[in-house]
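**Q** What follows is coords_25.txt, compact mmCIF, C-alpha atoms.
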```
# COMPACT_ATOMS: atom_id res chain seq x y z
CA MET A 1 -20.90 73.27 -42.41
CA SER A 2 -23.03 72.38 -39.44
CA LYS A 3 -23.07 68.71 -40.34
CA MET A 4 -19.42 68.31 -39.36
CA GLU A 5 -18.74 66.96 -35.91
CA TYR A 6 -16.03 68.92 -34.15
CA VAL A 7 -13.23 66.62 -33.08
CA LYS A 8 -9.92 68.01 -31.86
CA PRO A 9 -7.13 67.18 -34.36
CA ALA A 10 -5.29 65.12 -31.75
CA ASP A 11 -8.39 63.04 -31.09
CA ILE A 12 -9.32 62.14 -34.68
CA GLU A 13 -7.07 59.09 -34.88
CA LYS A 14 -8.12 57.84 -31.45
CA ARG A 15 -11.78 58.17 -32.38
CA SER A 16 -11.16 56.41 -35.68
CA PHE A 17 -9.54 53.44 -33.97
CA ALA A 18 -12.44 53.23 -31.51
CA ILE A 19 -14.88 53.02 -34.45
CA ILE A 20 -12.75 50.34 -36.13
CA THR A 21 -12.59 48.30 -32.92
CA GLU A 22 -16.35 48.61 -32.48
CA GLU A 23 -17.11 47.55 -36.06
CA LEU A 24 -14.74 44.60 -35.83
CA GLY A 25 -17.08 43.36 -33.09
CA ASP A 26 -16.23 39.80 -32.09
CA ARG A 27 -13.18 39.73 -34.35
CA THR A 28 -10.25 39.96 -31.99
CA PHE A 29 -6.54 39.58 -32.66
CA PRO A 30 -3.43 38.82 -30.60
CA PRO A 31 -2.10 41.97 -28.90
CA ASP A 32 0.90 42.37 -31.23
CA ILE A 33 -1.18 41.86 -34.37
CA ALA A 34 -4.24 43.96 -33.52
CA PRO A 35 -2.52 47.36 -33.96
CA VAL A 36 -1.26 46.31 -37.40
CA VAL A 37 -4.65 45.10 -38.63
CA LYS A 38 -6.42 48.17 -37.26
CA ARG A 39 -3.93 50.61 -38.76
CA VAL A 40 -4.32 49.02 -42.18
CA ILE A 41 -8.10 49.33 -41.89
CA HIS A 42 -7.59 52.92 -40.73
CA THR A 43 -5.58 53.71 -43.86
CA SER A 44 -7.94 51.97 -46.30
CA ALA A 45 -11.40 51.96 -44.66
CA ASP A 46 -11.47 48.39 -45.94
CA PHE A 47 -12.42 45.75 -43.37
CA GLU A 48 -11.43 42.94 -45.74
CA TYR A 49 -7.93 43.34 -44.35
CA ALA A 50 -9.15 41.77 -41.11
CA ASP A 51 -9.26 38.53 -43.12
CA ASN A 52 -6.58 39.17 -45.75
CA LEU A 53 -3.61 39.92 -43.51
CA VAL A 54 -1.53 36.91 -42.50
CA PHE A 55 1.51 36.87 -40.25
CA SER A 56 4.26 34.29 -39.92
CA GLU A 57 4.79 33.08 -36.34
CA GLY A 58 6.48 35.76 -34.23
CA ALA A 59 6.85 38.16 -37.16
CA VAL A 60 5.83 41.29 -35.25
CA ALA A 61 8.02 40.58 -32.22
CA ARG A 62 11.05 39.90 -34.41
CA ALA A 63 10.46 43.04 -36.51
CA ARG A 64 10.14 45.19 -33.41
CA LYS A 65 13.45 43.85 -32.09
CA ALA A 66 15.08 44.45 -35.46
CA ILE A 67 13.90 48.05 -35.59
CA GLU A 68 15.06 48.65 -32.03
CA ALA A 69 18.46 47.30 -33.06
CA GLY A 70 18.66 49.76 -35.98
CA ALA A 71 17.30 47.78 -38.95
CA HIS A 72 16.83 49.74 -42.15
CA ILE A 73 13.73 49.60 -44.33
CA VAL A 74 13.69 49.00 -48.09
CA THR A 75 10.62 50.05 -50.10
CA ASP A 76 9.66 49.35 -53.68
CA THR A 77 8.25 52.81 -54.35
CA ASN A 78 8.79 56.36 -53.21
CA MET A 79 5.14 56.47 -52.15
CA VAL A 80 5.80 53.84 -49.49
CA LYS A 81 8.91 55.73 -48.43
CA ALA A 82 6.94 58.98 -48.20
CA GLY A 83 4.34 57.34 -45.98
CA ILE A 84 6.71 55.92 -43.38
CA ASN A 85 7.28 57.86 -40.17
CA LYS A 86 10.99 58.42 -40.70
CA LYS A 87 11.41 60.51 -37.55
CA ILE A 88 10.49 57.61 -35.31
CA LEU A 89 12.57 55.18 -37.37
CA ALA A 90 15.58 57.51 -37.03
CA GLN A 91 15.25 57.42 -33.22
CA PHE A 92 16.36 53.80 -33.46
CA GLY A 93 19.05 54.50 -36.06
CA GLY A 94 17.05 53.29 -39.07
CA GLU A 95 16.74 54.76 -42.55
CA VAL A 96 14.46 54.11 -45.52
CA HIS A 97 15.94 53.13 -48.88
CA CYS A 98 14.21 53.17 -52.26
CA PHE A 99 16.25 52.63 -55.39
CA VAL A 100 13.48 52.35 -57.97
CA ALA A 101 13.72 55.90 -59.31
CA ASP A 102 17.52 55.90 -59.58
CA GLU A 103 18.61 56.54 -63.15
CA ASP A 104 21.19 53.77 -63.21
CA VAL A 105 18.57 51.30 -61.96
CA ALA A 106 16.26 52.23 -64.82
CA ALA A 107 19.09 51.85 -67.34
CA GLU A 108 20.12 48.45 -66.02
CA ALA A 109 16.52 47.19 -65.95
CA LYS A 110 15.98 48.24 -69.55
CA ALA A 111 19.21 46.63 -70.70
CA ARG A 112 18.36 43.35 -68.98
CA GLY A 113 14.63 43.32 -69.83
CA VAL A 114 13.61 43.09 -66.17
CA THR A 115 11.65 45.47 -63.99
CA ARG A 116 13.24 48.31 -62.09
CA SER A 117 11.92 46.64 -58.95
CA THR A 118 14.01 43.55 -59.64
CA VAL A 119 17.19 45.60 -59.95
CA SER A 120 16.22 47.64 -56.86
CA MET A 121 16.02 44.53 -54.72
CA GLU A 122 19.45 43.40 -55.87
CA ARG A 123 20.82 46.79 -54.82
CA ALA A 124 19.09 46.49 -51.46
CA ALA A 125 20.58 43.06 -50.85
CA GLY A 126 24.00 44.73 -50.98
CA LEU A 127 23.23 46.92 -47.95
CA ASP A 128 25.27 45.75 -44.98
CA VAL A 129 22.58 46.17 -42.28
CA PRO A 130 19.58 44.14 -41.09
CA LEU A 131 16.69 44.82 -43.47
CA ILE A 132 12.91 44.98 -43.42
CA PHE A 133 11.28 45.04 -46.86
CA ALA A 134 8.03 46.96 -47.39
CA ILE A 135 6.65 46.09 -50.82
CA GLY A 136 3.38 47.80 -51.80
CA ASN A 137 3.34 47.63 -55.57
CA ALA A 138 5.71 45.37 -57.39
CA PRO A 139 5.19 41.60 -57.45
CA THR A 140 8.56 41.34 -59.21
CA ALA A 141 10.17 42.78 -56.07
CA LEU A 142 8.80 39.83 -54.07
CA VAL A 143 9.93 37.38 -56.75
CA GLU A 144 13.45 38.82 -56.58
CA ILE A 145 13.49 38.75 -52.76
CA ARG A 146 12.56 35.06 -52.90
CA ARG A 147 15.30 34.40 -55.44
CA LEU A 148 17.91 36.16 -53.28
CA VAL A 149 16.74 34.29 -50.17
CA ASP A 150 16.90 30.95 -51.99
CA ALA A 151 20.38 31.83 -53.22
CA GLY A 152 21.48 32.52 -49.65
CA THR A 153 22.45 36.12 -50.35
CA LEU A 154 19.59 37.76 -48.41
CA SER A 155 18.17 37.06 -44.97
CA PRO A 156 15.55 39.73 -44.23
CA GLU A 157 14.21 40.42 -40.73
CA LEU A 158 10.72 40.81 -42.21
CA VAL A 159 9.10 40.98 -45.63
CA ILE A 160 5.93 43.05 -45.79
CA GLY A 161 4.40 41.67 -48.98
CA VAL A 162 1.37 43.74 -49.93
CA PRO A 163 1.61 44.55 -53.64
CA VAL A 164 -1.73 45.33 -55.27
CA GLY A 165 -2.89 44.20 -58.64
CA PHE A 166 -4.05 41.71 -61.17
CA VAL A 167 -0.99 40.09 -62.78
CA ASN A 168 1.17 37.70 -60.72
CA VAL A 169 0.35 39.52 -57.49
CA VAL A 170 -1.38 36.65 -55.70
CA GLU A 171 1.37 34.25 -56.75
CA SER A 172 4.18 36.57 -55.65
CA LYS A 173 2.71 36.74 -52.16
CA GLU A 174 2.52 32.95 -52.00
CA LEU A 175 6.20 32.77 -52.95
CA ILE A 176 7.02 34.83 -49.85
CA GLN A 177 4.74 32.81 -47.58
CA GLU A 178 6.52 29.63 -48.69
CA SER A 179 10.02 31.12 -48.45
CA GLY A 180 10.74 30.56 -44.77
CA VAL A 181 11.36 34.27 -44.08
CA PRO A 182 9.32 36.21 -41.50
CA TYR A 183 6.43 37.86 -43.32
CA ILE A 184 3.32 39.98 -43.14
CA VAL A 185 1.29 39.44 -46.31
CA ALA A 186 -2.07 40.67 -47.58
CA ARG A 187 -3.47 37.64 -49.35
CA GLY A 188 -5.21 38.17 -52.66
CA ARG A 189 -5.12 41.13 -55.01
CA LYS A 190 -5.40 43.91 -52.48
CA GLY A 191 -2.65 45.96 -50.90
CA GLY A 192 -0.80 49.09 -51.95
CA SER A 193 1.72 51.72 -50.96
CA ASN A 194 -0.59 53.03 -48.27
CA VAL A 195 -0.99 49.54 -46.78
CA ALA A 196 2.76 48.90 -46.80
CA ALA A 197 3.49 52.21 -45.08
CA ALA A 198 0.69 51.65 -42.56
CA ILE A 199 2.15 48.30 -41.51
CA VAL A 200 5.61 49.82 -40.98
CA ASN A 201 4.09 52.68 -39.00
CA ALA A 202 2.06 50.30 -36.84
CA LEU A 203 5.32 48.58 -35.87
CA LEU A 204 7.00 51.92 -35.18
CA TYR A 205 4.11 53.27 -33.11
CA GLN A 206 4.09 50.15 -30.94
CA LEU A 207 7.73 50.84 -30.12
CA VAL A 208 7.02 54.37 -28.93
CA ARG A 209 3.84 53.31 -27.09
CA ARG A 210 1.30 54.92 -29.38
CA GLU A 211 -0.36 51.52 -29.74
CA GLY A 212 -3.03 52.05 -27.09
CA PHE A 213 -5.84 52.39 -29.64
CA MET B 1 8.65 29.79 -59.15
CA SER B 2 6.91 27.99 -61.95
CA LYS B 3 3.52 29.29 -60.93
CA MET B 4 4.37 32.81 -62.11
CA GLU B 5 3.15 33.77 -65.54
CA TYR B 6 5.83 35.55 -67.54
CA VAL B 7 4.57 38.92 -68.67
CA LYS B 8 6.92 41.50 -70.13
CA PRO B 9 7.25 44.49 -67.76
CA ALA B 10 5.81 46.84 -70.37
CA ASP B 11 2.74 44.62 -70.78
CA ILE B 12 1.80 44.20 -67.10
CA GLU B 13 -0.27 47.37 -66.91
CA LYS B 14 -2.01 46.68 -70.22
CA ARG B 15 -2.91 43.15 -69.11
CA SER B 16 -4.15 44.50 -65.77
CA PHE B 17 -6.47 46.97 -67.46
CA ALA B 18 -7.82 44.23 -69.72
CA ILE B 19 -8.68 42.14 -66.65
CA ILE B 20 -10.35 45.12 -64.98
CA THR B 21 -12.40 45.85 -68.12
CA GLU B 22 -13.43 42.22 -68.34
CA GLU B 23 -14.47 42.00 -64.70
CA LEU B 24 -16.43 45.25 -64.93
CA GLY B 25 -18.57 43.38 -67.48
CA ASP B 26 -21.66 45.38 -68.37
CA ARG B 27 -20.53 48.34 -66.30
CA THR B 28 -19.45 50.92 -68.84
CA PHE B 29 -18.50 54.54 -68.36
CA PRO B 30 -18.26 57.64 -70.58
CA PRO B 31 -14.94 57.72 -72.47
CA ASP B 32 -13.40 60.47 -70.36
CA ILE B 33 -14.42 58.85 -67.07
CA ALA B 34 -13.54 55.21 -67.82
CA PRO B 35 -9.74 55.65 -67.61
CA VAL B 36 -10.09 57.35 -64.22
CA VAL B 37 -12.33 54.64 -62.75
CA LYS B 38 -10.14 51.87 -64.14
CA ARG B 39 -6.91 53.39 -62.88
CA VAL B 40 -8.35 53.74 -59.38
CA ILE B 41 -9.37 50.07 -59.47
CA HIS B 42 -5.89 49.25 -60.80
CA THR B 43 -4.29 51.00 -57.82
CA SER B 44 -6.59 49.49 -55.19
CA ALA B 45 -7.88 46.17 -56.61
CA ASP B 46 -11.18 47.40 -55.19
CA PHE B 47 -14.12 47.33 -57.61
CA GLU B 48 -16.28 49.32 -55.17
CA TYR B 49 -14.77 52.41 -56.79
CA ALA B 50 -16.86 51.68 -59.88
CA ASP B 51 -19.81 52.80 -57.75
CA ASN B 52 -18.13 55.18 -55.31
CA LEU B 53 -16.54 57.60 -57.73
CA VAL B 54 -18.70 60.56 -58.73
CA PHE B 55 -17.83 63.32 -61.18
CA SER B 56 -19.31 66.77 -61.56
CA GLU B 57 -20.47 67.57 -65.09
CA GLY B 58 -17.50 68.12 -67.40
CA ALA B 59 -14.95 67.75 -64.59
CA VAL B 60 -12.47 65.64 -66.56
CA ALA B 61 -12.55 67.82 -69.69
CA ARG B 62 -12.01 70.96 -67.64
CA ALA B 63 -9.18 69.41 -65.64
CA ARG B 64 -7.44 68.24 -68.79
CA LYS B 65 -7.63 71.74 -70.25
CA ALA B 66 -6.32 73.21 -67.01
CA ILE B 67 -3.34 70.85 -66.95
CA GLU B 68 -2.59 71.60 -70.60
CA ALA B 69 -2.61 75.30 -69.71
CA GLY B 70 -0.08 74.74 -66.92
CA ALA B 71 -2.23 74.27 -63.80
CA HIS B 72 -0.38 73.28 -60.64
CA ILE B 73 -1.45 70.51 -58.29
CA VAL B 74 -1.82 70.83 -54.52
CA THR B 75 -1.77 67.69 -52.39
CA ASP B 76 -2.56 67.18 -48.71
CA THR B 77 0.24 64.67 -48.10
CA ASN B 78 3.69 63.90 -49.41
CA MET B 79 2.49 60.39 -50.27
CA VAL B 80 0.09 61.82 -52.85
CA LYS B 81 2.88 64.04 -54.16
CA ALA B 82 5.23 61.05 -54.41
CA GLY B 83 2.66 59.10 -56.40
CA ILE B 84 2.00 61.71 -59.08
CA ASN B 85 3.84 61.44 -62.40
CA LYS B 86 5.66 64.73 -62.10
CA LYS B 87 7.59 64.29 -65.34
CA ILE B 88 4.42 64.34 -67.42
CA LEU B 89 3.00 67.21 -65.40
CA ALA B 90 6.18 69.20 -65.99
CA GLN B 91 5.76 68.77 -69.77
CA PHE B 92 2.78 71.09 -69.44
CA GLY B 93 4.51 73.46 -67.03
CA GLY B 94 2.85 72.14 -63.88
CA GLU B 95 4.33 71.48 -60.44
CA VAL B 96 3.09 69.68 -57.32
CA HIS B 97 2.88 71.53 -54.02
CA CYS B 98 2.51 70.04 -50.55
CA PHE B 99 2.88 72.27 -47.53
CA VAL B 100 1.82 69.89 -44.78
CA ALA B 101 5.31 68.93 -43.59
CA ASP B 102 6.62 72.50 -43.55
CA GLU B 103 7.80 73.44 -40.08
CA ASP B 104 6.09 76.82 -40.04
CA VAL B 105 2.80 75.18 -41.05
CA ALA B 106 3.05 72.80 -38.09
CA ALA B 107 3.81 75.68 -35.73
CA GLU B 108 0.90 77.78 -36.97
CA ALA B 109 -1.52 74.84 -36.79
CA LYS B 110 -0.52 74.10 -33.20
CA ALA B 111 -0.85 77.75 -32.17
CA ARG B 112 -4.34 78.01 -33.72
CA GLY B 113 -5.59 74.57 -32.65
CA VAL B 114 -6.35 73.55 -36.24
CA THR B 115 -4.92 70.79 -38.40
CA ARG B 116 -1.80 71.23 -40.49
CA SER B 117 -4.00 70.45 -43.48
CA THR B 118 -6.14 73.50 -42.80
CA VAL B 119 -3.11 75.77 -42.75
CA SER B 120 -1.71 74.04 -45.85
CA MET B 121 -4.82 74.83 -47.86
CA GLU B 122 -4.63 78.51 -46.86
CA ARG B 123 -1.04 78.57 -48.12
CA ALA B 124 -2.10 76.91 -51.35
CA ALA B 125 -4.83 79.47 -51.92
CA GLY B 126 -2.09 82.09 -52.05
CA LEU B 127 -0.49 80.50 -55.12
CA ASP B 128 -1.04 82.68 -58.16
CA VAL B 129 -1.72 79.92 -60.71
CA PRO B 130 -4.73 77.75 -61.65
CA LEU B 131 -4.96 74.91 -59.13
CA ILE B 132 -6.11 71.31 -58.97
CA PHE B 133 -6.42 69.91 -55.45
CA ALA B 134 -5.71 66.22 -54.82
CA ILE B 135 -6.80 65.37 -51.27
CA GLY B 136 -6.28 61.76 -50.18
CA ASN B 137 -6.23 61.92 -46.41
CA ALA B 138 -7.43 65.00 -44.63
CA PRO B 139 -11.13 65.83 -44.40
CA THR B 140 -10.12 69.14 -42.84
CA ALA B 141 -8.39 70.02 -46.12
CA LEU B 142 -11.74 69.69 -47.92
CA VAL B 143 -13.49 71.71 -45.21
CA GLU B 144 -10.94 74.49 -45.64
CA ILE B 145 -11.20 74.41 -49.44
CA ARG B 146 -14.98 74.81 -49.11
CA ARG B 147 -14.52 77.73 -46.70
CA LEU B 148 -12.09 79.47 -49.07
CA VAL B 149 -14.43 78.89 -52.02
CA ASP B 150 -17.38 80.28 -50.10
CA ALA B 151 -15.28 83.29 -49.11
CA GLY B 152 -14.47 83.95 -52.75
CA THR B 153 -10.72 83.60 -52.25
CA LEU B 154 -10.29 80.29 -54.08
CA SER B 155 -11.61 79.06 -57.41
CA PRO B 156 -10.08 75.65 -58.12
CA GLU B 157 -10.09 74.01 -61.55
CA LEU B 158 -10.85 70.67 -59.89
CA VAL B 159 -11.05 69.23 -56.39
CA ILE B 160 -10.20 65.54 -56.13
CA GLY B 161 -11.83 64.72 -52.81
CA VAL B 162 -10.88 61.21 -51.78
CA PRO B 163 -9.84 61.29 -48.13
CA VAL B 164 -10.15 57.96 -46.34
CA GLY B 165 -11.43 57.41 -42.86
CA PHE B 166 -14.01 57.29 -40.16
CA VAL B 167 -14.39 60.77 -38.68
CA ASN B 168 -15.99 63.54 -40.76
CA VAL B 169 -14.74 62.01 -44.00
CA VAL B 170 -18.14 61.33 -45.57
CA GLU B 171 -19.38 64.77 -44.59
CA SER B 172 -16.30 66.56 -45.93
CA LYS B 173 -16.86 64.99 -49.35
CA GLU B 174 -20.48 66.11 -49.34
CA LEU B 175 -19.31 69.66 -48.60
CA ILE B 176 -17.28 69.58 -51.82
CA GLN B 177 -20.10 68.05 -53.87
CA GLU B 178 -22.40 70.88 -52.74
CA SER B 179 -19.81 73.62 -53.24
CA GLY B 180 -20.29 74.36 -56.93
CA VAL B 181 -16.65 73.62 -57.81
CA PRO B 182 -15.68 70.92 -60.34
CA TYR B 183 -15.03 67.72 -58.41
CA ILE B 184 -14.13 64.05 -58.51
CA VAL B 185 -15.16 62.48 -55.20
CA ALA B 186 -15.07 58.94 -53.79
CA ARG B 187 -18.30 58.75 -51.83
CA GLY B 188 -18.21 57.08 -48.44
CA ARG B 189 -15.28 56.25 -46.22
CA LYS B 190 -12.91 54.91 -48.83
CA GLY B 191 -10.12 56.71 -50.66
CA GLY B 192 -6.50 57.41 -49.82
CA SER B 193 -3.22 58.80 -51.07
CA ASN B 194 -2.95 56.07 -53.67
CA VAL B 195 -6.43 56.84 -55.01
CA ALA B 196 -5.75 60.59 -55.17
CA ALA B 197 -2.49 60.05 -57.07
CA ALA B 198 -4.11 57.52 -59.40
CA ILE B 199 -6.81 60.02 -60.39
CA VAL B 200 -4.23 62.70 -61.19
CA ASN B 201 -2.17 60.21 -63.18
CA ALA B 202 -5.24 59.05 -65.12
CA LEU B 203 -5.78 62.66 -66.22
CA LEU B 204 -2.11 63.05 -67.13
CA TYR B 205 -1.96 59.78 -69.09
CA GLN B 206 -5.01 60.77 -71.11
CA LEU B 207 -3.15 63.90 -72.17
CA VAL B 208 -0.17 61.94 -73.46
CA ARG B 209 -2.39 59.28 -75.06
CA ARG B 210 -1.61 56.44 -72.71
CA GLU B 211 -5.35 56.06 -72.10
CA GLY B 212 -5.96 53.32 -74.63
CA PHE B 213 -6.45 50.62 -71.99
```
Could I get this structure in the form of structure tokens?

**A**
Amino acid sequence: MSKMEYVKPADIEKRSFAIITEELGDRTFPPDIAPVVKRVIHTSADFEYADNLVFSEGAVARARKAIEAGAHIVTDTNMVKAGINKKILAQFGGEVHCFVADEDVAAEAKARGVTRSTVSMERAAGLDVPLIFAIGNAPTALVEIRRLVDAGTLSPELVIGVPVGFVNVVESKELIQESGVPYIVARGRKGGSNVAAAIVNALLYQLVRREGF
Amino acid sequence: MSKMEYVKPADIEKRSFAIITEELGDRTFPPDIAPVVKRVIHTSADFEYADNLVFSEGAVARARKAIEAGAHIVTDTNMVKAGINKKILAQFGGEVHCFVADEDVAAEAKARGVTRSTVSMERAAGLDVPLIFAIGNAPTALVEIRRLVDAGTLSPELVIGVPVGFVNVVESKELIQESGVPYIVARGRKGGSNVAAAIVNALLYQLVRREGF
């Protein structure tokens, strides 16, 4: 195993971010956005995110304030939920909600001929706390968020819109970008649960000053 | 929202796989490997996996037999665990294990100056059932699997080696490819929890005949 370089566990992430920064070269980002872009590249090894990720004006600052004030996070899948650093979120009073695997959600979706994600977002809109949405898979979740926003029944602090895929994914992200809500979106087909969780964690780590790399 | 194409929820995945097949064009794969490659592209929207994914001879057939015989799955993170279709796995008697967030694992790792993933793999090796490893994040998990294999204390049915990252990731995958164990590896830096879970699910779906697309 001599080909492995020995790096202390605590230093692996720091070293990784140094490599990412080096390979980004002349590509620089505003100080609030850089940690988000780099953490997404860290979680995907895909430098396309340096171009794909778009942020509404002031989105990161507003999301940080919302988390500090105890905002909760709604995810479209349990994978996103599993990837979020819930210990740090809990320090600020936040929790993560994911309704997609609830049995009554599945039953209602089937009865209505809609996706479980659609029903999940309706449930989330009923939560009586400030909300950040982290959507890594389901374009129909973004469609439903837009519908609820247009109807005046939802006013999210941030929508992280990074579903991945080939059917209606690009369009669903555009719906969020045109909605007037604060957003972080990965344009195009790419994204995923890992990307959604990485964006939430980048926000959380900035709040506890782990953003130095 | 007129720009959205209406596709019935049940048809979204089928349509997605048709698009992937079309865009792969002349790139064809053996019948057991194609569903794995396509599902990874489906979960990442990244066609590089058509080139990155490598399979040891007969890996898919052996893994399918192992799952049918009740093999358990060991993951390096709870995100991979969350992404696996545990209902289908349970039909064959399998379970998913992930030790990385156990408090005693963290304590032991800290005391020994190794990663939690290293300790997790040692725990897994103590399970008295046939095992498939699905590693989406931690190169040190692959290093430890190789060490246990070399020591004769572990004989996995399959190692899915798809950690993502910048430090020792490429080398850790090579260690598995040279180990003599059956493997599915994503060469290079790319991979992730979503990719690891997608590979497991592709194997599971083949067993319940959802592999037609």

**Q** Axis-aligned box over every listed atom of stretch 163-181 of chain A, padded by 8 Å per side: centre and edges in Å to one decimal, as JSON?

**A**
```
{"center_x": 3.7, "center_y": 37.5, "center_z": -53.4, "size_x": 31.4, "size_y": 31.7, "size_z": 34.7}
```

**Q** Measure the distance from atom CA of A:Val74 to atom CA of A:Val167 in Å and round it to one decimal.

**A**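 We find that atom CA of A:Val74 and atom CA of A:Val167 lie 22.6 Å from each other.
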
**Q** Env of A:Asn194: 10 Å cut, atoms = all atoms listed in the file, seq-sep filter 4 positions within chain, self excluded. Answer as a list in words.

**A**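 Selected residues are Val40, Thr43, Ser44, Met79, Val80, Lys81, Ala82, Gly83, Ile84, Gly136, Asn137, Val162, Ala198 and Ile199 of chain A; Ser44, Met79, Val80, Gly192, Ser193, Asn194 and Val195 of chain B.
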
**Q** Give me, as a PyMOL selection string, the residues of chain A touching chain B, with the criterion being at most 8 Å (counting all atoms listed in the file).

**A** chain A and resi 1+3-5+8-9+12+15-16+19+42-46+78-80+82-83+113-115+164-168+171-172+175+189-194

**Q** From (-14.8, 54.8, -53.9), in the file's coordinates, out to 7 Å: which residues are reached, counting only C-alpha atoms? Answer as JSON, numbers by chain.

**A** {"B": [48, 49, 51, 52, 53, 186, 187, 188, 190, 191]}

**Q** To one decimal in Å, tell me the separation between atom CA of A:Glu103 and atom CA of A:Leu127.

**A** 18.6 Å

**Q** For stretch 171-182 of chain A, where the input has fewer atoms than it should, I would like N, CA, C and O atoms rebuilt and written as a PDB file, in the frame of the given file.

**A**
```
ATOM      1  N   GLU A 171       0.310  35.256 -56.730  1.00  0.00           N
ATOM      2  CA  GLU A 171       1.370  34.250 -56.750  1.00  0.00           C
ATOM      3  C   GLU A 171       2.637  34.749 -56.062  1.00  0.00           C
ATOM      4  O   GLU A 171       3.322  33.988 -55.374  1.00  0.00           O
ATOM      5  N   SER A 172       2.955  36.025 -56.252  1.00  0.00           N
ATOM      6  CA  SER A 172       4.180  36.570 -55.650  1.00  0.00           C
ATOM      7  C   SER A 172       4.093  36.550 -54.127  1.00  0.00           C
ATOM      8  O   SER A 172       5.086  36.336 -53.436  1.00  0.00           O
ATOM      9  N   LYS A 173       2.887  36.769 -53.617  1.00  0.00           N
ATOM     10  CA  LYS A 173       2.710  36.740 -52.160  1.00  0.00           C
ATOM     11  C   LYS A 173       2.864  35.306 -51.643  1.00  0.00           C
ATOM     12  O   LYS A 173       3.426  35.081 -50.570  1.00  0.00           O
ATOM     13  N   GLU A 174       2.365  34.356 -52.404  1.00  0.00           N
ATOM     14  CA  GLU A 174       2.520  32.950 -52.000  1.00  0.00           C
ATOM     15  C   GLU A 174       3.989  32.547 -51.977  1.00  0.00           C
ATOM     16  O   GLU A 174       4.422  31.793 -51.096  1.00  0.00           O
ATOM     17  N   LEU A 175       4.763  33.058 -52.931  1.00  0.00           N
ATOM     18  CA  LEU A 175       6.200  32.770 -52.950  1.00  0.00           C
ATOM     19  C   LEU A 175       6.865  33.200 -51.645  1.00  0.00           C
ATOM     20  O   LEU A 175       7.771  32.523 -51.144  1.00  0.00           O
ATOM     21  N   ILE A 176       6.439  34.344 -51.109  1.00  0.00           N
ATOM     22  CA  ILE A 176       7.020  34.830 -49.850  1.00  0.00           C
ATOM     23  C   ILE A 176       6.542  33.982 -48.674  1.00  0.00           C
ATOM     24  O   ILE A 176       7.326  33.613 -47.794  1.00  0.00           O
ATOM     25  N   GLN A 177       5.261  33.613 -48.688  1.00  0.00           N
ATOM     26  CA  GLN A 177       4.740  32.810 -47.580  1.00  0.00           C
ATOM     27  C   GLN A 177       5.414  31.430 -47.505  1.00  0.00           C
ATOM     28  O   GLN A 177       5.491  30.843 -46.445  1.00  0.00           O
ATOM     29  N   GLU A 178       5.883  30.962 -48.659  1.00  0.00           N
ATOM     30  CA  GLU A 178       6.520  29.630 -48.690  1.00  0.00           C
ATOM     31  C   GLU A 178       8.047  29.723 -48.602  1.00  0.00           C
ATOM     32  O   GLU A 178       8.739  28.725 -48.781  1.00  0.00           O
ATOM     33  N   SER A 179       8.562  30.931 -48.338  1.00  0.00           N
ATOM     34  CA  SER A 179      10.020  31.120 -48.450  1.00  0.00           C
ATOM     35  C   SER A 179      10.774  30.818 -47.174  1.00  0.00           C
ATOM     36  O   SER A 179      11.994  30.675 -47.188  1.00  0.00           O
ATOM     37  N   GLY A 180      10.046  30.760 -46.038  1.00  0.00           N
ATOM     38  CA  GLY A 180      10.740  30.560 -44.770  1.00  0.00           C
ATOM     39  C   GLY A 180      11.158  31.844 -44.079  1.00  0.00           C
ATOM     40  O   GLY A 180      11.620  31.810 -42.947  1.00  0.00           O
ATOM     41  N   VAL A 181      11.000  33.008 -44.732  1.00  0.00           N
ATOM     42  CA  VAL A 181      11.360  34.270 -44.080  1.00  0.00           C
ATOM     43  C   VAL A 181      10.156  34.781 -43.274  1.00  0.00           C
ATOM     44  O   VAL A 181       9.012  34.428 -43.565  1.00  0.00           O
ATOM     45  N   PRO A 182      10.435  35.595 -42.236  1.00  0.00           N
ATOM     46  CA  PRO A 182       9.320  36.210 -41.500  1.00  0.00           C
ATOM     47  C   PRO A 182       8.540  37.132 -42.440  1.00  0.00           C
ATOM     48  O   PRO A 182       9.150  37.876 -43.221  1.00  0.00           O
TER      49      PRO A 182
END
```
